[in-house]
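Only one structure is covered here, and it is reproduced in the block below.
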Amino acid sequence: MRFMVITKATADTEAGVPPTTEDFDTMGAFIQELVDAGVLLAADGLKPSDSGARIYFDGDNKTVVDGPFTETKELIAGYYLVEAKSLEECVEWFKRCPMQHPGVGSQTNIEIRQVLQAEDFGDEFTADQREAVEKRHAKVTGTN
């Protein structure tokens with residue numbers, strides 16, 4: 001099973017405050033454990049929301065709003081894409097994840113969500129649609 005592990009923004013990440021050298025070392029060691037265990041598929045941090053945009057959809061109307069966005073606790077600061085046998089295994093890995101301290105009196109969290117697979121869509125997802133998805137995936141990943 002694949003899982004996306006979403007790290008949430010803090011006031012520091014939104015202000016563009018970089019992690020300390022020690023934080024980089026600690027996080028690097030954790031990421032290396034994920035790599036060595038064959039769990040990690042991808043991981044990246046994201047720039048603060050002031051360098052992003054949102055597109056709101058209302059029927060045929062589309063409205064683009066440039067960042068920054070106000071609700072820091074709802075913003076994403078980064079993500080991991082991992083392969084694990086179960087949600088429980090993924091949770092066990094990420095209970096060990098070193099997180100930047102958000103500041104006194106503040107807390108942050110990570111969110112773990114299973115990535116949907118073709119079989120999760122049932123009969124509404126036709127064989128032709130599955131084949132089209134597999135072809136796109138092979139083209140994107142270079143696994144023809």
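Identifiers in this document derive from the order of the structure tokens: chains are assigned A, B, ..., residues are numbered from 1 separately in each chain, and ligands are numbered from 1 in order of occurrence.
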(message) Just want the 8 Å neighbourhood of Pro48 in chain A, counted on only C-alpha atoms, with same-chain residues fewer than 6 positions away dropped. Output as a list of chain:residue names.
(response) A:Thr13, A:Glu14, A:Ala15, A:Gly16, A:Pro68, A:Ala77
(request) as a PyMOL selection string, list the residues of range 4-69 of chain A assigned to helix (DSSP H, G or I) by DSSP on the backbone atoms of this structure. (result) chain A and resi 11-14+21-36+49-51
Gly78 in chain A: which residues within 12 Å, counting only C-alpha atoms, same-chain residues fewer than 2 positions away excluded, as a PDB file with C-alpha atoms, in the first residue's frame?
ATOM      1  CA  MET A   4       1.138  10.052   1.499  1.00  0.00           C
ATOM      2  CA  VAL A   5       2.436  11.476   4.729  1.00  0.00           C
ATOM      3  CA  ILE A   6       1.684  15.188   4.856  1.00  0.00           C
ATOM      4  CA  THR A   7       3.682  17.490   7.116  1.00  0.00           C
ATOM      5  CA  LYS A   8       1.823  20.594   8.213  1.00  0.00           C
ATOM      6  CA  ALA A   9       3.111  24.152   8.104  1.00  0.00           C
ATOM      7  CA  THR A  10       4.068  26.140  11.167  1.00  0.00           C
ATOM      8  CA  THR A  13       7.899  27.252   7.846  1.00  0.00           C
ATOM      9  CA  GLU A  14       5.482  29.897   6.530  1.00  0.00           C
ATOM     10  CA  ALA A  42       9.544  10.354  -2.617  1.00  0.00           C
ATOM     11  CA  ALA A  43       9.922  13.206  -0.134  1.00  0.00           C
ATOM     12  CA  ASP A  44      10.053  16.968  -0.530  1.00  0.00           C
ATOM     13  CA  GLY A  45       9.527  20.149   1.410  1.00  0.00           C
ATOM     14  CA  LEU A  46       7.441  22.977   0.005  1.00  0.00           C
ATOM     15  CA  LYS A  47       8.093  26.696  -0.175  1.00  0.00           C
ATOM     16  CA  PRO A  48       5.878  28.932   1.986  1.00  0.00           C
ATOM     17  CA  SER A  49       2.366  29.671   0.738  1.00  0.00           C
ATOM     18  CA  LEU A  75      -1.237  24.404   5.136  1.00  0.00           C
ATOM     19  CA  ILE A  76       1.151  21.728   3.914  1.00  0.00           C
ATOM     20  CA  TYR A  80       6.575  11.797   1.933  1.00  0.00           C
ATOM     21  CA  LEU A  81       5.302   9.124  -0.395  1.00  0.00           C
ATOM     22  CA  MET A  99       9.729  17.368  13.414  1.00  0.00           C
ATOM     23  CA  ASN A 109       1.040  17.286  13.179  1.00  0.00           C
ATOM     24  CA  ILE A 110       1.499  15.001  10.243  1.00  0.00           C
ATOM     25  CA  GLU A 111      -1.363  13.428   8.358  1.00  0.00           C
TER      26      GLU A 111
END
(request) Assign secondary structure with DSSP using the backbone only, and return the residues of range 57-139 of chain A in strand (DSSP E) as a VMD selection string. (result) chain A and resid 57 to 58 61 to 66 76 to 83 110 to 114
(message) I'd like the interatomic distance between CA of Glu89 in chain A and CA of Arg113 in chain A, to a tenth of an Å.
(response)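 That distance, rounded to one decimal, is 12.7 Å.
Using only C-alpha atoms, the shortest contact distance between Gly38 in chain A and any of A:Val82, A:Pro98, A:Leu116, A:Lys139 is found at A:Val82.
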(message) Between A:Phe121, A:Phe24, A:Phe3, A:Trp93, which residue has the minimum interatomic distance to Tyr79 in chain A, considering only C-alpha atoms?
(response) A:Phe3
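Here the question is which of A:Arg130, A:Glu88, A:Lys73, A:Val64 gets nearest to Gln117 in chain A using only C-alpha atoms, and that residue is A:Arg130.
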(message) Just checking: using only C-alpha atoms, which residue out of A:Val133, A:Ala118, A:Val65, A:Cys90 ends up closest to Ala53 in chain A?
(response)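 Result for the nearest residue to Ala53 in chain A: A:Val65.
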(message) Could you tell me how far CA of Thr72 in chain A sits from CA of Thr21 in chain A, in Å to one decimal place?
(response)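 Going from CA of Thr21 in chain A over to CA of Thr72 in chain A covers 24.0 Å.
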